[in-house]
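Structure below is coords_22.txt: compact mmCIF, C-alpha atoms.
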```
# COMPACT_ATOMS: atom_id res chain seq x y z
CA MET C 560 27.58 8.18 -14.33
CA GLY C 561 26.00 10.49 -11.75
CA ASN C 562 24.09 7.61 -10.20
CA THR C 563 27.26 5.53 -9.96
CA ILE C 564 28.94 8.34 -8.05
CA ARG C 565 25.99 8.59 -5.66
CA VAL C 566 26.10 4.84 -5.01
CA THR C 567 29.81 5.05 -4.19
CA ILE C 568 29.45 8.11 -1.96
CA ALA C 569 26.59 6.45 -0.05
CA PHE C 570 29.15 4.09 1.54
CA ILE C 571 31.20 7.00 2.96
CA PRO C 572 29.83 8.14 6.37
CA SER C 573 31.25 11.69 6.31
CA LYS C 574 28.99 14.73 6.73
CA LYS C 575 30.28 16.13 3.45
CA CYS C 576 29.21 13.02 1.54
CA GLN C 577 25.84 12.97 3.30
CA LYS C 578 25.25 16.57 2.27
CA PHE C 579 26.06 15.64 -1.33
CA LEU C 580 23.32 12.98 -1.24
CA ILE C 581 20.54 14.92 0.47
CA GLY C 582 21.45 18.58 0.03
CA ASN C 583 21.19 21.23 2.72
CA LEU C 584 18.95 20.06 5.54
CA GLU C 585 20.09 22.39 8.29
CA GLU C 586 16.75 24.10 8.87
CA MET C 587 13.16 22.94 9.19
CA PRO C 588 11.49 23.26 5.74
CA LEU C 589 8.68 25.81 5.64
CA ASP C 590 6.27 23.26 4.16
CA LYS C 591 7.11 20.79 6.96
CA MET C 592 8.08 18.19 4.36
CA VAL C 593 11.35 16.41 3.64
CA ASP C 594 11.72 14.37 0.46
CA VAL C 595 15.00 12.49 0.04
CA SER C 596 13.61 9.78 -2.22
CA GLY C 597 15.97 8.20 -4.73
CA SER C 598 19.09 9.45 -2.96
CA GLN C 599 20.85 6.05 -2.65
CA LEU C 600 20.80 6.44 1.14
CA ARG C 601 22.10 3.56 3.23
CA ARG C 602 21.87 5.49 6.50
CA PHE C 603 19.02 7.57 7.78
CA PRO C 604 20.03 11.28 7.89
CA LEU C 605 19.95 11.96 11.64
CA GLN C 606 19.58 15.73 11.20
CA ILE C 607 15.99 15.12 10.06
CA CYS C 608 15.12 14.03 13.61
CA SER C 609 15.68 17.58 14.84
CA PHE C 610 12.69 18.77 12.76
CA THR C 611 10.18 17.91 15.47
CA ARG C 612 7.28 19.62 13.68
CA LEU C 613 7.83 17.68 10.44
CA VAL C 614 4.56 16.43 8.92
CA LYS C 615 5.67 14.55 5.76
CA LEU C 616 8.77 12.42 5.29
CA TYR C 617 9.52 10.63 2.01
CA LEU C 618 12.37 8.10 2.08
CA SER C 619 11.27 6.06 -0.94
CA ASP C 620 13.66 4.35 -3.34
CA ASN C 621 16.76 4.22 -1.17
CA LYS C 622 18.85 1.39 0.35
CA LEU C 623 17.61 1.67 3.93
CA ARG C 624 17.31 -1.43 6.12
CA ASN C 625 16.82 0.15 9.54
CA LEU C 626 15.87 3.41 11.22
CA PRO C 627 17.33 5.12 14.31
CA GLN C 628 15.53 5.40 17.65
CA GLU C 629 15.79 9.17 17.29
CA LEU C 630 12.98 8.96 14.73
CA LYS C 631 10.50 8.93 17.63
CA GLN C 632 11.18 12.65 18.06
CA LEU C 633 9.00 13.25 14.97
CA GLN C 634 5.70 13.08 16.85
CA SER C 635 3.96 15.43 14.39
CA LEU C 636 4.65 13.14 11.44
CA GLN C 637 1.52 12.20 9.49
CA ILE C 638 2.94 10.72 6.27
CA LEU C 639 5.90 8.33 6.12
CA ALA C 640 7.07 6.71 2.87
CA LEU C 641 9.48 3.79 3.25
CA ASP C 642 8.64 2.00 0.01
CA PHE C 643 11.29 0.69 -2.39
CA ASN C 644 13.93 0.08 0.27
CA GLY C 645 15.47 -3.06 1.79
CA PHE C 646 13.48 -3.52 5.01
CA ARG C 647 13.11 -7.15 6.11
CA GLU C 648 11.32 -6.07 9.29
CA LEU C 649 9.42 -2.90 10.08
CA PRO C 650 11.50 -0.92 12.60
CA ILE C 651 9.52 -0.77 15.87
CA VAL C 652 10.31 2.94 16.19
CA VAL C 653 7.81 3.61 13.37
CA CYS C 654 5.06 2.38 15.69
CA SER C 655 5.86 5.22 18.12
CA LEU C 656 4.76 7.87 15.61
CA LYS C 657 1.24 8.24 17.01
CA GLN C 658 0.03 10.83 14.48
CA LEU C 659 0.80 8.76 11.38
CA SER C 660 -2.17 8.62 9.03
CA ILE C 661 -0.45 7.31 5.86
CA LEU C 662 2.28 4.66 5.81
CA TYR C 663 3.91 3.37 2.61
CA LEU C 664 5.81 0.08 3.02
CA GLY C 665 5.51 -1.39 -0.47
CA ASN C 666 8.34 -3.00 -2.41
CA ASN C 667 10.42 -4.12 0.53
CA ARG C 668 11.19 -7.62 1.89
CA LEU C 669 8.63 -7.73 4.69
CA HIS C 670 6.97 -11.01 5.64
CA ALA C 671 5.34 -9.90 8.91
CA LEU C 672 4.31 -6.77 10.81
CA PRO C 673 4.95 -6.17 14.53
CA SER C 674 2.08 -6.22 17.01
CA GLU C 675 3.10 -2.69 18.02
CA LEU C 676 1.62 -1.43 14.75
CA SER C 677 -1.74 -1.41 16.54
CA LEU C 678 -0.50 1.66 18.44
CA LEU C 679 -1.02 3.73 15.29
CA LYS C 680 -4.61 4.67 16.14
CA GLU C 681 -4.76 7.41 13.48
CA LEU C 682 -3.53 5.28 10.57
CA LYS C 683 -5.94 5.57 7.64
CA ILE C 684 -3.94 4.39 4.62
CA LEU C 685 -1.54 1.43 4.61
CA TRP C 686 0.39 0.17 1.58
CA ILE C 687 2.26 -3.14 1.96
CA GLU C 688 2.09 -4.31 -1.66
CA THR C 689 4.93 -6.24 -3.32
CA ASN C 690 6.42 -7.80 -0.20
CA TYR C 691 6.67 -11.42 1.01
CA PHE C 692 3.49 -11.82 3.04
CA SER C 693 2.16 -15.37 2.83
CA ASP C 694 -0.05 -14.85 5.89
CA PHE C 695 -2.23 -11.79 6.31
CA PRO C 696 -0.81 -9.71 9.22
CA ASP C 697 -3.47 -10.02 11.94
CA VAL C 698 -2.37 -6.74 13.53
CA ILE C 699 -4.00 -4.93 10.59
CA CYS C 700 -7.37 -5.99 12.01
CA GLU C 701 -6.60 -3.78 15.03
CA LEU C 702 -6.23 -0.60 12.96
CA ARG C 703 -9.76 0.65 13.52
CA SER C 704 -9.26 3.97 11.66
CA LEU C 705 -8.00 2.27 8.47
CA LYS C 706 -9.81 3.40 5.31
CA THR C 707 -7.55 2.12 2.52
CA LEU C 708 -5.50 -1.08 2.43
CA HIS C 709 -3.13 -2.15 -0.36
CA VAL C 710 -1.85 -5.72 -0.01
CA GLY C 711 -1.45 -6.57 -3.68
CA TYR C 712 1.36 -8.69 -5.13
CA ASN C 713 2.12 -10.78 -2.08
CA GLN C 714 1.46 -14.51 -1.56
CA LEU C 715 -1.85 -14.35 0.32
CA ARG C 716 -4.34 -17.20 -0.02
CA CYS C 717 -7.00 -16.04 2.43
CA LEU C 718 -8.15 -13.13 4.58
CA PRO C 719 -8.94 -13.32 8.32
CA LYS C 720 -12.48 -13.02 9.67
CA GLY C 721 -11.28 -10.21 11.92
CA LEU C 722 -11.01 -7.91 8.91
CA ASN C 723 -14.72 -7.18 9.20
CA ARG C 724 -14.02 -5.27 12.41
CA LEU C 725 -12.58 -2.44 10.33
CA GLU C 726 -15.81 -0.55 9.79
CA ASP C 727 -14.06 2.50 8.34
CA LEU C 728 -12.31 0.40 5.68
CA SER C 729 -13.74 1.40 2.30
CA SER C 730 -11.04 0.35 -0.20
CA VAL C 731 -9.12 -2.93 -0.45
CA TRP C 732 -6.52 -3.72 -3.12
CA LEU C 733 -5.77 -7.46 -3.42
CA SER C 734 -4.43 -7.98 -6.95
CA GLY C 735 -1.58 -10.35 -7.69
CA ASN C 736 -2.06 -12.73 -4.76
CA LEU C 737 -2.84 -16.47 -4.69
CA PHE C 738 -6.56 -16.50 -3.93
CA SER C 739 -8.30 -19.54 -5.40
CA GLU C 740 -11.59 -18.71 -3.69
CA PHE C 741 -13.24 -15.42 -2.97
CA PRO C 742 -12.46 -14.20 0.59
CA GLU C 743 -15.89 -14.54 2.16
CA VAL C 744 -15.16 -11.95 4.84
CA LEU C 745 -15.46 -9.26 2.17
CA LEU C 746 -19.09 -10.19 1.61
CA GLU C 747 -19.78 -9.28 5.24
CA MET C 748 -18.25 -5.81 4.83
CA HIS C 749 -21.19 -3.84 3.51
CA PHE C 750 -19.34 -0.56 4.05
CA LEU C 751 -16.79 -1.26 1.26
CA ASP C 752 -16.72 1.08 -1.74
CA VAL C 753 -13.92 -0.59 -3.71
CA ILE C 754 -12.87 -4.27 -3.61
CA ARG C 755 -11.37 -6.77 -6.01
CA ARG C 756 -13.29 -9.85 -6.94
CA PHE C 757 -15.86 -12.11 -8.27
CA PRO C 758 -19.10 -13.84 -7.08
CA SER C 759 -22.42 -12.01 -6.88
CA LEU C 760 -21.99 -8.65 -5.25
CA ALA C 761 -25.41 -7.36 -6.22
CA HIS C 762 -26.49 -7.05 -2.59
CA LEU C 763 -23.76 -4.49 -1.79
CA LYS C 764 -25.80 -1.40 -2.59
CA GLY C 765 -23.05 1.06 -1.64
CA LEU C 766 -20.49 -0.50 -3.97
CA LYS C 767 -19.20 1.78 -6.74
CA LEU C 768 -16.27 -0.06 -8.35
CA VAL C 769 -15.04 -3.67 -8.64
CA ILE C 770 -11.50 -4.49 -9.85
CA TYR C 771 -10.86 -8.17 -10.52
CA ASP C 772 -7.74 -8.67 -12.68
CA HIS C 773 -4.45 -10.53 -12.05
CA ASN C 774 -5.64 -13.15 -9.59
CA PRO C 775 -6.30 -16.87 -10.30
CA CYS C 776 -10.05 -16.17 -10.07
CA VAL C 777 -11.10 -13.85 -12.88
CA ASN C 778 -14.80 -14.53 -13.48
CA ALA C 779 -16.75 -11.31 -13.82
CA PRO C 780 -18.87 -10.66 -10.72
CA ALA C 781 -22.58 -9.95 -10.79
CA VAL C 782 -23.10 -6.42 -9.51
CA ALA C 783 -25.94 -4.02 -8.87
CA GLU C 784 -26.99 -1.49 -11.49
CA GLY C 785 -24.57 1.40 -11.79
CA VAL C 786 -21.54 -0.43 -10.37
CA ARG C 787 -18.48 -0.26 -12.64
CA ARG C 788 -16.22 -3.25 -13.32
CA TRP C 789 -12.57 -3.03 -14.30
CA ALA C 790 -10.40 -5.82 -15.71
CA THR C 791 -7.19 -5.62 -17.69
CA ASN C 792 -6.61 -9.33 -18.32
CA THR C 793 -8.86 -9.28 -21.38
CA GLU C 794 -7.97 -12.72 -22.80
CA GLU C 795 -9.07 -14.50 -19.65
CA ILE C 796 -12.20 -12.38 -19.52
CA LYS C 797 -13.16 -13.28 -23.11
CA GLU C 798 -12.59 -16.95 -22.42
CA ASN C 799 -14.73 -16.73 -19.31
CA ASN C 800 -17.48 -14.98 -21.21
CA LYS C 801 -17.55 -17.73 -23.85
CA GLN C 802 -18.23 -20.28 -21.14
CA ARG C 803 -21.37 -18.56 -19.93
CA ALA C 804 -24.23 -20.78 -21.05
CA GLY C 805 -26.83 -19.23 -23.31
CA LYS C 806 -25.23 -15.78 -23.53
CA PRO C 807 -23.32 -14.66 -26.61
CA LEU C 808 -20.06 -12.80 -26.13
CA THR C 809 -21.55 -9.54 -27.38
CA GLU C 810 -24.01 -9.49 -24.49
CA THR C 811 -21.44 -10.09 -21.78
CA LYS C 812 -18.58 -7.77 -22.62
CA GLU C 813 -16.46 -6.69 -19.68
CA PRO C 814 -14.82 -3.48 -20.93
CA GLN C 815 -12.09 -1.74 -19.06
CA ILE C 816 -13.53 0.88 -16.79
CA GLU C 817 -14.95 3.88 -18.60
CA SER C 818 -13.60 6.44 -16.17
CA GLN C 819 -10.70 8.78 -15.62
CA ILE C 820 -9.85 7.01 -12.37
CA LYS C 821 -6.41 5.40 -12.33
CA PRO C 822 -4.72 3.54 -9.44
CA ASP C 823 -1.71 5.85 -9.48
CA GLN C 824 -3.83 8.98 -9.28
CA ASP C 825 -6.07 8.18 -6.33
CA ALA C 826 -4.83 6.93 -2.96
CA THR C 827 -8.11 5.15 -2.29
CA PHE C 828 -7.34 2.36 -4.74
```

Structure encoded using structure tokens:
Amino acid sequence: MGNTIRVTIAFIPSKKCQKFLIGNLEEMPLDKMVDVSGSQLRRFPLQICSFTRLVKLYLSDNKLRNLPQELKQLQSLQILALDFNGFRELPIVVCSLKQLSILYLGNNRLHALPSELSLLKELKILWIETNYFSDFPDVICELRSLKTLHVGYNQLRCLPKGLNRLEDLSSVWLSGNLFSEFPEVLLEMHFLDVIRRFPSLAHLKGLKLVIYDHNPCVNAPAVAEGVRRWATNTEEIKENNKQRAGKPLTETKEPQIESQIKPDQDATF
């Protein structure tokens, strides 16, 4: 019942209704963080733009489709969460936030990213999973400070050669796409710590973890000693193991990772 009321009030543009949705936001929070996630917002609360020293802004799980130009006043912003909204395009104003280091755009309706995204020279973590990307956004290859990239659950079939220019990139999440062949560019990226996939990776001596579930290609990759492998699609793994000539199933088990690491607990996955 409470949620129904919030949905109804979200259509009313009065200050009183806005205050009901987001609470009292008249003063800059001491922790320099504003979290209005899950508030059924259809309009960005303009009063937030007066908090010019704001560092973290969470707008996840709302009904937002655009952002005001006034957002560019938040030049101290380092973390911006826009996931689980209704964005069909990334508002260009986001690209004016030069101090952004973490940007969450997952679970929207994006199919492309603007070239202006390259202006975010400090961006280190980018999440664009569960959108409508059929082509890898080339502008990502210009984000030279990027360390972690989540592009899972889109419609990607290949990765661009330019990705190997991102020498700080150490973690790539690709699950749930449409790869029928291993993206060869990843084999050139010897600085990766975590990737998802499949042929022999034994020559990547710095590799620590390989995740290879939920893509059309699921064969277990050959890896160097000490590298951990993680797969959750166990039926396909067993079938693949049976097809390995001369090796009984008991010798080629691919157990789920024996570690406390979980994707939702570590931003590097």

Compile a residue-level contact table for stretch 664-765 of chain C against stretch 631-644 of chain C at a cut-off of 9 Å, reporting for every qualifying residue the shortest atom pair and its distance in Å to one decimal, with only C-alpha atoms counted, rows ordered by chain and ascending number, as JSON lines.
```
{"residue": "C:Leu664", "atom": "CA", "partner": "C:Asp642", "partner_atom": "CA", "distance": 4.6}
{"residue": "C:Gly665", "atom": "CA", "partner": "C:Asp642", "partner_atom": "CA", "distance": 4.6}
{"residue": "C:Asn666", "atom": "CA", "partner": "C:Phe643", "partner_atom": "CA", "distance": 4.7}
{"residue": "C:Asn667", "atom": "CA", "partner": "C:Asn644", "partner_atom": "CA", "distance": 5.5}
{"residue": "C:Arg668", "atom": "CA", "partner": "C:Asn644", "partner_atom": "CA", "distance": 8.3}
{"residue": "C:Glu681", "atom": "CA", "partner": "C:Gln637", "partner_atom": "CA", "distance": 8.8}
{"residue": "C:Leu682", "atom": "CA", "partner": "C:Gln637", "partner_atom": "CA", "distance": 8.6}
{"residue": "C:Trp686", "atom": "CA", "partner": "C:Asp642", "partner_atom": "CA", "distance": 8.6}
{"residue": "C:Ile687", "atom": "CA", "partner": "C:Asp642", "partner_atom": "CA", "distance": 8.4}
```

task = Grab the atom CA of C:Leu649 to atom CA of C:Phe741 distance for me, in Å with one decimal place.
result = 29.0 Å

For C:Glu726, the nearest of the candidates C:Val595, C:Val744, C:Leu708, C:Leu751, counting all atoms listed in the file = C:Leu751

Residues within 9 Å of C:Pro719, only C-alpha atoms, excluding chain neighbours under 4 positions, as number ranges by chain = C: 695-697, 700, 723, 742, 744

query = What's the 6 Å shell around C:Trp732, counting all atoms listed in the file, without same-chain residues fewer than 5 positions away, as a list in words?
reply = His709, Val710 and Gly711 of chain C

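Between C:Ser704 and the candidates C:Ser660, C:Asn625, C:Ser596, C:Ser734, the tightest atom-to-atom separation, counting all atoms listed in the file, involves C:Ser660.
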
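Take atom CA of C:Leu766 and atom CA of C:Asp727: the distance between them is 14.2 Å.
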
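Between atom CA of C:Ser739 and atom CA of C:Arg724 lies a distance of 23.5 Å.
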
query = Given the choices C:Leu746, C:Leu600, C:Cys608, C:Val653, which gets closest to C:Leu584 if the distance is worked out from only C-alpha atoms?
reply = C:Cys608

task = May I have the residues within 8 Å of C:Leu725 as a VMD selection string, using all atoms listed in the file and disregarding those fewer than 3 positions away in the same chain?
result = chain C and resid 700 to 705 722 728

Please, could you write that set of residues out with C-alpha atoms as a PDB file, keeping the file's coordinate frame?
```pdb
ATOM      1  CA  CYS C 700      -7.370  -5.990  12.010  1.00  0.00           C
ATOM      2  CA  GLU C 701      -6.600  -3.780  15.030  1.00  0.00           C
ATOM      3  CA  LEU C 702      -6.230  -0.600  12.960  1.00  0.00           C
ATOM      4  CA  ARG C 703      -9.760   0.650  13.520  1.00  0.00           C
ATOM      5  CA  SER C 704      -9.260   3.970  11.660  1.00  0.00           C
ATOM      6  CA  LEU C 705      -8.000   2.270   8.470  1.00  0.00           C
ATOM      7  CA  LEU C 722     -11.010  -7.910   8.910  1.00  0.00           C
ATOM      8  CA  LEU C 728     -12.310   0.400   5.680  1.00  0.00           C
TER       9      LEU C 728
END
```

Using all atoms of stretch 645-653 of chain C listed in the file and a margin of 3 Å per side, can you give the axis-aligned box centre and edge lengths in Å to one decimal, as lines of an AutoDock Vina configuration file?
```
center_x = 11.6
center_y = -1.8
center_z = 9.0
size_x = 13.7
size_y = 16.8
size_z = 20.4
```

task = Would you kindly return, as a ChimeraX atom specification, each protein, DNA or RNA residue with an atom no farther than 12 Å from any atom of C:Leu626, considering all atoms listed in the file and excluding same-chain residues fewer than 2 positions away?
result = /C:600-605,607-608,618,622-624,628-631,641,644-646,648-654
